[in-house]
Amino acid sequence: MNLTYVKASEVKAEELANIRVEAMRPSLLAVGRFDPDRAKRRFLDTFNASDTTIIQQGTLTIGFFVLRRRPNDLYLDHLYVLHDYQGLGVGGNVIRLVKDEARSAKKPIRLIALKGSPANQFYLRLGFCLIQEDEFDNHYIWDPC
């Protein structure tokens with residue numbers, strides 16, 4: 001699959017919020033917490049185009065990720081891929097890019113996944129370690145050192 005990665009702009013925020021809502025729908029429905037307006041608002045309230053990368057196949061936006069570069073780590077705040085493109089290696093390609101950056105920066109990657117989401121198995125399979133659980137989320141780390 002020929003993918004390109006493009007820095008986001010403010011005008012893309014609404015489109016990306018909609019991708020997030022659709023990608024999260026099954027997991028949030030499974031735990032009885034699906035509220036599309038809340039899911040959209042939570043993303044838009046913290047949207048920062050400089051941290052956001054759009055994943056494209058040709059001219060089609062098929063997903064995005066948000067990587068916050070913090071002093072002590074890289075925080076993968078969001079990684080969403082449209083349902084029709086899941087299972088095709090798109091997310092794995094993104095994780096390889098982020099791991100490469102983490103190795104260069106000598107910083108760990110941290111992220112959170114909703115309990116019950118298939119994302120948990122995805123991150124474990126890619127070498128992330130579960131370090132904490134709370135009521136709704138699992139917290140993970142991957143350390144390049």
# chains A, B, ... in the order shown; residues from 1 in each chain; ligands from 1

$ residues_around --residues "segment 21-32 of chain A" --least-positions-apart "2" --cutoff "8 Å" --atoms "only C-alpha atoms" --output "PyMOL selection string"
chain A and resi 17-19+34+36+39-40+80-83+114+116-118

$ write_last_selection --atoms "C-alpha atoms" --output "short mmCIF file (atom, residue, chain, number, x, y, z; two decimals), in the first residue's frame"
data_model
loop_
_atom_site.label_atom_id
_atom_site.label_comp_id
_atom_site.auth_asym_id
_atom_site.auth_seq_id
_atom_site.Cartn_x
_atom_site.Cartn_y
_atom_site.Cartn_z
CA ALA A 17 -12.71 14.42 14.45
CA ASN A 18 -15.24 12.53 12.33
CA ILE A 19 -12.66 9.82 11.56
CA PHE A 34 -20.57 5.99 22.82
CA PRO A 36 -20.41 11.02 19.16
CA ALA A 39 -15.90 12.04 21.26
CA LYS A 40 -15.71 14.80 18.68
CA TYR A 80 -7.04 6.21 13.98
CA VAL A 81 -7.44 4.40 10.69
CA LEU A 82 -10.71 4.12 8.77
CA HIS A 83 -12.33 0.71 9.22
CA LEU A 114 -9.61 2.22 25.83
CA GLY A 116 -11.85 -3.58 25.54
CA SER A 117 -10.57 -2.00 22.34
CA PRO A 118 -8.77 -4.15 19.75
#

$ residues_around --residues "Ala113 of chain A" --least-positions-apart "2" --cutoff "12 Å" --atoms "only C-alpha atoms" --output "JSON, numbers by chain"
{"A": [24, 27, 28, 76, 77, 78, 79, 80, 110, 111, 115, 116, 117, 118, 119, 120, 121, 122, 123, 124, 128, 129, 130, 131, 132, 133, 134, 135, 136, 137, 138, 139, 140, 141]}

$ select_by_dssp --residues "chain A" --states "helix (DSSP H, G or I)" --output "count of residues only"
60

$ closest_residue --among "A:Leu97, A:Ala8, A:Leu3, A:Ala102" --to "Gln56 of chain A" --atoms "only C-alpha atoms"
A:Leu3

$ closest_residue --among "A:Ala105, A:Met1, A:Leu16, A:Leu126" --to "Phe65 of chain A" --atoms "only C-alpha atoms"
A:Leu16

$ residues_around --residues "Thr52 of chain A" --least-positions-apart "2" --cutoff "12 Å" --atoms "only C-alpha atoms" --output "JSON list (two decimals) with all heavy atoms, in the first residue's frame"
[["chain", "number", "residue", "atom", "x", "y", "z"],
["A", 5, "TYR", "N", 2.32, 10.73, 4.22],
["A", 5, "TYR", "CA", 2.05, 11.36, 5.51],
["A", 5, "TYR", "C", 2.16, 12.86, 5.31],
["A", 5, "TYR", "O", 3.17, 13.36, 4.82],
["A", 5, "TYR", "CB", 3.05, 10.87, 6.56],
["A", 5, "TYR", "CG", 2.99, 9.37, 6.74],
["A", 5, "TYR", "CD1", 3.85, 8.53, 6.04],
["A", 5, "TYR", "CD2", 2.04, 8.81, 7.58],
["A", 5, "TYR", "CE1", 3.77, 7.15, 6.19],
["A", 5, "TYR", "CE2", 1.96, 7.43, 7.73],
["A", 5, "TYR", "CZ", 2.82, 6.61, 7.04],
["A", 5, "TYR", "OH", 2.74, 5.25, 7.18],
["A", 6, "VAL", "N", 1.09, 13.57, 5.68],
["A", 6, "VAL", "CA", 0.99, 15.00, 5.44],
["A", 6, "VAL", "C", 0.68, 15.70, 6.76],
["A", 6, "VAL", "O", -0.21, 15.27, 7.50],
["A", 6, "VAL", "CB", -0.13, 15.29, 4.41],
["A", 6, "VAL", "CG1", -0.27, 16.77, 4.15],
["A", 6, "VAL", "CG2", 0.08, 14.51, 3.13],
["A", 7, "LYS", "N", 1.38, 16.78, 7.04],
["A", 7, "LYS", "CA", 1.07, 17.56, 8.23],
["A", 7, "LYS", "C", -0.34, 18.13, 8.12],
["A", 7, "LYS", "O", -0.76, 18.59, 7.06],
["A", 7, "LYS", "CB", 2.07, 18.71, 8.42],
["A", 7, "LYS", "CG", 3.34, 18.26, 9.10],
["A", 7, "LYS", "CD", 3.01, 17.66, 10.44],
["A", 7, "LYS", "CE", 4.18, 17.32, 11.28],
["A", 7, "LYS", "NZ", 3.79, 16.50, 12.41],
["A", 8, "ALA", "N", -1.06, 18.08, 9.21],
["A", 8, "ALA", "CA", -2.44, 18.56, 9.22],
["A", 8, "ALA", "C", -2.49, 20.08, 9.24],
["A", 8, "ALA", "O", -1.51, 20.75, 9.55],
["A", 8, "ALA", "CB", -3.17, 18.02, 10.45],
["A", 9, "SER", "N", -3.65, 20.60, 8.89],
["A", 9, "SER", "CA", -3.91, 22.03, 9.01],
["A", 9, "SER", "C", -5.19, 22.20, 9.81],
["A", 9, "SER", "O", -5.95, 21.26, 10.02],
["A", 9, "SER", "CB", -4.07, 22.66, 7.62],
["A", 9, "SER", "OG", -5.24, 22.16, 7.00],
["A", 10, "GLU", "N", -5.41, 23.41, 10.28],
["A", 10, "GLU", "CA", -6.60, 23.70, 11.09],
["A", 10, "GLU", "C", -7.89, 23.35, 10.34],
["A", 10, "GLU", "O", -8.86, 22.93, 10.96],
["A", 10, "GLU", "CB", -6.61, 25.17, 11.52],
["A", 10, "GLU", "CG", -5.46, 25.57, 12.42],
["A", 10, "GLU", "CD", -5.47, 24.89, 13.78],
["A", 10, "GLU", "OE1", -6.55, 24.59, 14.30],
["A", 10, "GLU", "OE2", -4.37, 24.66, 14.30],
["A", 12, "LYS", "N", -8.56, 20.89, 8.60],
["A", 12, "LYS", "CA", -8.82, 19.45, 8.59],
["A", 12, "LYS", "C", -9.37, 18.94, 9.92],
["A", 12, "LYS", "O", -9.76, 17.78, 10.04],
["A", 12, "LYS", "CB", -7.53, 18.68, 8.28],
["A", 12, "LYS", "CG", -7.09, 18.75, 6.85],
["A", 12, "LYS", "CD", -7.97, 17.87, 6.00],
["A", 12, "LYS", "CE", -7.38, 17.66, 4.63],
["A", 12, "LYS", "NZ", -8.17, 16.74, 3.85],
["A", 13, "ALA", "N", -9.41, 19.77, 10.95],
["A", 13, "ALA", "CA", -9.79, 19.32, 12.30],
["A", 13, "ALA", "C", -11.14, 18.61, 12.32],
["A", 13, "ALA", "O", -11.27, 17.54, 12.92],
["A", 13, "ALA", "CB", -9.78, 20.50, 13.26],
["A", 16, "LEU", "N", -10.98, 15.15, 10.70],
["A", 16, "LEU", "CA", -10.26, 14.21, 11.56],
["A", 16, "LEU", "C", -11.09, 13.80, 12.77],
["A", 16, "LEU", "O", -11.08, 12.64, 13.19],
["A", 16, "LEU", "CB", -8.92, 14.81, 11.98],
["A", 16, "LEU", "CG", -7.97, 15.16, 10.83],
["A", 16, "LEU", "CD1", -6.68, 15.77, 11.37],
["A", 16, "LEU", "CD2", -7.70, 13.97, 9.93],
["A", 17, "ALA", "N", -11.83, 14.74, 13.33],
["A", 17, "ALA", "CA", -12.71, 14.42, 14.45],
["A", 17, "ALA", "C", -13.75, 13.38, 14.04],
["A", 17, "ALA", "O", -14.06, 12.46, 14.81],
["A", 17, "ALA", "CB", -13.38, 15.69, 14.98],
["A", 43, "PHE", "N", -11.70, 15.59, 21.03],
["A", 43, "PHE", "CA", -10.61, 15.73, 20.06],
["A", 43, "PHE", "C", -10.40, 17.20, 19.69],
["A", 43, "PHE", "O", -9.28, 17.70, 19.73],
["A", 43, "PHE", "CB", -10.88, 14.90, 18.81],
["A", 43, "PHE", "CG", -9.86, 15.12, 17.74],
["A", 43, "PHE", "CD1", -8.60, 14.56, 17.86],
["A", 43, "PHE", "CD2", -10.14, 15.90, 16.63],
["A", 43, "PHE", "CE1", -7.62, 14.78, 16.88],
["A", 43, "PHE", "CE2", -9.19, 16.12, 15.65],
["A", 43, "PHE", "CZ", -7.93, 15.55, 15.78],
["A", 44, "LEU", "N", -11.47, 17.89, 19.34],
["A", 44, "LEU", "CA", -11.35, 19.28, 18.88],
["A", 44, "LEU", "C", -10.82, 20.21, 19.97],
["A", 44, "LEU", "O", -10.10, 21.16, 19.66],
["A", 44, "LEU", "CB", -12.70, 19.77, 18.34],
["A", 44, "LEU", "CG", -13.17, 19.09, 17.05],
["A", 44, "LEU", "CD1", -14.59, 19.53, 16.71],
["A", 44, "LEU", "CD2", -12.22, 19.38, 15.90],
["A", 46, "THR", "N", -8.51, 19.70, 22.04],
["A", 46, "THR", "CA", -7.05, 19.59, 22.20],
["A", 46, "THR", "C", -6.32, 19.55, 20.86],
["A", 46, "THR", "O", -5.12, 19.31, 20.82],
["A", 46, "THR", "CB", -6.68, 18.34, 23.01],
["A", 46, "THR", "OG1", -7.11, 17.18, 22.29],
["A", 46, "THR", "CG2", -7.30, 18.38, 24.40],
["A", 47, "PHE", "N", -7.04, 19.81, 19.77],
["A", 47, "PHE", "CA", -6.42, 19.70, 18.45],
["A", 47, "PHE", "C", -5.30, 20.72, 18.28],
["A", 47, "PHE", "O", -5.44, 21.89, 18.59],
["A", 47, "PHE", "CB", -7.47, 19.94, 17.35],
["A", 47, "PHE", "CG", -6.88, 19.87, 15.96],
["A", 47, "PHE", "CD1", -6.53, 18.66, 15.40],
["A", 47, "PHE", "CD2", -6.67, 21.03, 15.23],
["A", 47, "PHE", "CE1", -5.98, 18.59, 14.12],
["A", 47, "PHE", "CE2", -6.13, 20.98, 13.96],
["A", 47, "PHE", "CZ", -5.78, 19.75, 13.40],
["A", 48, "ASN", "N", -4.16, 20.22, 17.80],
["A", 48, "ASN", "CA", -3.02, 21.05, 17.49],
["A", 48, "ASN", "C", -2.47, 20.53, 16.17],
["A", 48, "ASN", "O", -1.93, 19.41, 16.11],
["A", 48, "ASN", "CB", -1.96, 20.96, 18.59],
["A", 48, "ASN", "CG", -0.77, 21.84, 18.33],
["A", 48, "ASN", "OD1", -0.48, 22.21, 17.19],
["A", 48, "ASN", "ND2", -0.06, 22.16, 19.38],
["A", 49, "ALA", "N", -2.61, 21.30, 15.12],
["A", 49, "ALA", "CA", -2.20, 20.86, 13.78],
["A", 49, "ALA", "C", -0.73, 20.48, 13.71],
["A", 49, "ALA", "O", -0.35, 19.55, 13.00],
["A", 49, "ALA", "CB", -2.52, 21.94, 12.74],
["A", 50, "SER", "N", 0.12, 21.14, 14.48],
["A", 50, "SER", "CA", 1.55, 20.86, 14.41],
["A", 50, "SER", "C", 1.91, 19.48, 14.96],
["A", 50, "SER", "O", 2.96, 18.94, 14.64],
["A", 50, "SER", "CB", 2.36, 21.95, 15.11],
["A", 50, "SER", "OG", 2.10, 21.93, 16.48],
["A", 54, "ILE", "N", -1.63, 13.45, 8.89],
["A", 54, "ILE", "CA", -2.68, 12.78, 8.15],
["A", 54, "ILE", "C", -2.07, 11.65, 7.34],
["A", 54, "ILE", "O", -1.00, 11.80, 6.74],
["A", 54, "ILE", "CB", -3.40, 13.78, 7.22],
["A", 54, "ILE", "CG1", -4.10, 14.86, 8.07],
["A", 54, "ILE", "CG2", -4.38, 13.08, 6.30],
["A", 54, "ILE", "CD1", -4.65, 16.02, 7.26],
["A", 55, "ILE", "N", -2.74, 10.51, 7.34],
["A", 55, "ILE", "CA", -2.32, 9.35, 6.57],
["A", 55, "ILE", "C", -3.18, 9.31, 5.31],
["A", 55, "ILE", "O", -4.41, 9.28, 5.40],
["A", 55, "ILE", "CB", -2.51, 8.05, 7.36],
["A", 55, "ILE", "CG1", -1.87, 8.14, 8.74],
["A", 55, "ILE", "CG2", -1.97, 6.85, 6.57],
["A", 55, "ILE", "CD1", -2.34, 7.08, 9.71],
["A", 63, "GLY", "N", -6.71, 8.04, 7.59],
["A", 63, "GLY", "CA", -6.48, 8.05, 9.03],
["A", 63, "GLY", "C", -5.58, 9.19, 9.43],
["A", 63, "GLY", "O", -5.25, 10.06, 8.61],
["A", 64, "PHE", "N", -5.19, 9.18, 10.70],
["A", 64, "PHE", "CA", -4.28, 10.21, 11.21],
["A", 64, "PHE", "C", -3.70, 9.76, 12.53],
["A", 64, "PHE", "O", -4.19, 8.82, 13.16],
["A", 64, "PHE", "CB", -4.99, 11.55, 11.36],
["A", 64, "PHE", "CG", -5.99, 11.62, 12.48],
["A", 64, "PHE", "CD1", -5.63, 12.13, 13.73],
["A", 64, "PHE", "CD2", -7.30, 11.17, 12.32],
["A", 64, "PHE", "CE1", -6.53, 12.19, 14.77],
["A", 64, "PHE", "CE2", -8.21, 11.23, 13.35],
["A", 64, "PHE", "CZ", -7.83, 11.74, 14.58],
["A", 65, "PHE", "N", -2.64, 10.45, 12.93],
["A", 65, "PHE", "CA", -2.11, 10.24, 14.27],
["A", 65, "PHE", "C", -1.65, 11.57, 14.83],
["A", 65, "PHE", "O", -1.34, 12.50, 14.09],
["A", 65, "PHE", "CB", -1.00, 9.17, 14.30],
["A", 65, "PHE", "CG", 0.26, 9.50, 13.55],
["A", 65, "PHE", "CD1", 1.37, 10.02, 14.20],
["A", 65, "PHE", "CD2", 0.35, 9.26, 12.19],
["A", 65, "PHE", "CE1", 2.54, 10.29, 13.52],
["A", 65, "PHE", "CE2", 1.52, 9.52, 11.49],
["A", 65, "PHE", "CZ", 2.61, 10.04, 12.15],
["A", 66, "VAL", "N", -1.64, 11.63, 16.17],
["A", 66, "VAL", "CA", -1.20, 12.81, 16.89],
["A", 66, "VAL", "C", -0.05, 12.39, 17.80],
["A", 66, "VAL", "O", -0.24, 11.53, 18.66],
["A", 66, "VAL", "CB", -2.35, 13.43, 17.72],
["A", 66, "VAL", "CG1", -1.84, 14.59, 18.56],
["A", 66, "VAL", "CG2", -3.49, 13.87, 16.81],
["A", 67, "LEU", "N", 1.10, 12.96, 17.56],
["A", 67, "LEU", "CA", 2.28, 12.65, 18.37],
["A", 67, "LEU", "C", 2.73, 13.93, 19.07],
["A", 67, "LEU", "O", 3.15, 14.89, 18.42],
["A", 67, "LEU", "CB", 3.41, 12.11, 17.48],
["A", 67, "LEU", "CG", 4.65, 11.65, 18.22],
["A", 67, "LEU", "CD1", 4.33, 10.47, 19.15],
["A", 67, "LEU", "CD2", 5.74, 11.27, 17.24],
["A", 68, "ARG", "N", 2.61, 13.92, 20.38],
["A", 68, "ARG", "CA", 3.01, 15.07, 21.19],
["A", 68, "ARG", "C", 4.45, 14.84, 21.67],
["A", 68, "ARG", "O", 4.72, 13.85, 22.34],
["A", 68, "ARG", "CB", 2.07, 15.25, 22.36],
["A", 68, "ARG", "CG", 0.59, 15.25, 21.91],
["A", 68, "ARG", "CD", -0.21, 16.32, 22.52],
["A", 68, "ARG", "NE", -1.63, 16.11, 22.25],
["A", 68, "ARG", "CZ", -2.32, 16.78, 21.33],
["A", 68, "ARG", "NH1", -1.73, 17.69, 20.59],
["A", 68, "ARG", "NH2", -3.61, 16.54, 21.16],
["A", 69, "ARG", "N", 5.32, 15.74, 21.29],
["A", 69, "ARG", "CA", 6.74, 15.63, 21.65],
["A", 69, "ARG", "C", 6.96, 16.39, 22.95],
["A", 69, "ARG", "O", 7.02, 17.61, 22.96],
["A", 69, "ARG", "CB", 7.58, 16.17, 20.52],
["A", 69, "ARG", "CG", 7.50, 15.27, 19.29],
["A", 69, "ARG", "CD", 7.80, 16.00, 17.99],
["A", 69, "ARG", "NE", 7.70, 15.10, 16.85],
["A", 69, "ARG", "CZ", 6.58, 14.94, 16.13],
["A", 69, "ARG", "NH1", 5.48, 15.61, 16.45],
["A", 69, "ARG", "NH2", 6.57, 14.09, 15.11],
["A", 75, "TYR", "N", 4.34, 11.21, 23.25],
["A", 75, "TYR", "CA", 3.01, 10.74, 23.65],
["A", 75, "TYR", "C", 2.16, 10.57, 22.40],
["A", 75, "TYR", "O", 1.84, 11.55, 21.72],
["A", 75, "TYR", "CB", 2.37, 11.72, 24.62],
["A", 75, "TYR", "CG", 1.00, 11.28, 25.07],
["A", 75, "TYR", "CD1", 0.84, 10.10, 25.79],
["A", 75, "TYR", "CD2", -0.11, 12.01, 24.75],
["A", 75, "TYR", "CE1", -0.41, 9.67, 26.18],
["A", 75, "TYR", "CE2", -1.38, 11.61, 25.14],
["A", 75, "TYR", "CZ", -1.52, 10.43, 25.86],
["A", 75, "TYR", "OH", -2.76, 10.01, 26.24],
["A", 76, "LEU", "N", 1.85, 9.32, 22.08],
["A", 76, "LEU", "CA", 0.98, 9.03, 20.94],
["A", 76, "LEU", "C", -0.45, 9.20, 21.42],
["A", 76, "LEU", "O", -1.04, 8.30, 22.02],
["A", 76, "LEU", "CB", 1.24, 7.62, 20.40],
["A", 76, "LEU", "CG", 0.48, 7.25, 19.14],
["A", 76, "LEU", "CD1", 0.81, 8.19, 17.98],
["A", 76, "LEU", "CD2", 0.77, 5.81, 18.75],
["A", 77, "ASP", "N", -0.97, 10.39, 21.21],
["A", 77, "ASP", "CA", -2.28, 10.78, 21.75],
["A", 77, "ASP", "C", -3.42, 10.17, 20.95],
["A", 77, "ASP", "O", -4.45, 9.82, 21.51],
["A", 77, "ASP", "CB", -2.38, 12.30, 21.76],
["A", 77, "ASP", "CG", -3.47, 12.81, 22.68],
["A", 77, "ASP", "OD1", -4.10, 12.01, 23.39],
["A", 77, "ASP", "OD2", -3.68, 14.04, 22.70],
["A", 78, "HIS", "N", -3.25, 10.03, 19.64],
["A", 78, "HIS", "CA", -4.29, 9.45, 18.79],
["A", 78, "HIS", "C", -3.65, 8.69, 17.64],
["A", 78, "HIS", "O", -2.63, 9.13, 17.10],
["A", 78, "HIS", "CB", -5.16, 10.56, 18.16],
["A", 78, "HIS", "CG", -5.87, 11.43, 19.14],
["A", 78, "HIS", "ND1", -6.99, 11.03, 19.83],
["A", 78, "HIS", "CD2", -5.60, 12.70, 19.55],
["A", 78, "HIS", "CE1", -7.39, 12.01, 20.61],
["A", 78, "HIS", "NE2", -6.57, 13.03, 20.47],
["A", 79, "LEU", "N", -4.27, 7.58, 17.27],
["A", 79, "LEU", "CA", -3.95, 6.85, 16.04],
["A", 79, "LEU", "C", -5.24, 6.21, 15.59],
["A", 79, "LEU", "O", -5.74, 5.29, 16.24],
["A", 79, "LEU", "CB", -2.86, 5.80, 16.26],
["A", 79, "LEU", "CG", -2.61, 4.82, 15.11],
["A", 79, "LEU", "CD1", -2.33, 5.54, 13.79],
["A", 79, "LEU", "CD2", -1.48, 3.85, 15.45],
["A", 80, "TYR", "N", -5.78, 6.72, 14.50],
["A", 80, "TYR", "CA", -7.04, 6.21, 13.98],
["A", 80, "TYR", "C", -6.91, 5.94, 12.49],
["A", 80, "TYR", "O", -6.35, 6.77, 11.76],
["A", 80, "TYR", "CB", -8.19, 7.20, 14.22],
["A", 80, "TYR", "CG", -8.43, 7.44, 15.68],
["A", 80, "TYR", "CD1", -8.08, 8.63, 16.27],
["A", 80, "TYR", "CD2", -8.97, 6.44, 16.48],
["A", 80, "TYR", "CE1", -8.27, 8.84, 17.63],
["A", 80, "TYR", "CE2", -9.16, 6.64, 17.84],
["A", 80, "TYR", "CZ", -8.82, 7.84, 18.40],
["A", 80, "TYR", "OH", -9.00, 8.04, 19.75]]

$ atom_distance --atom1 "atom CA of Gly89 of chain A" --atom2 "atom CA of Asp73 of chain A"
24.6 Å
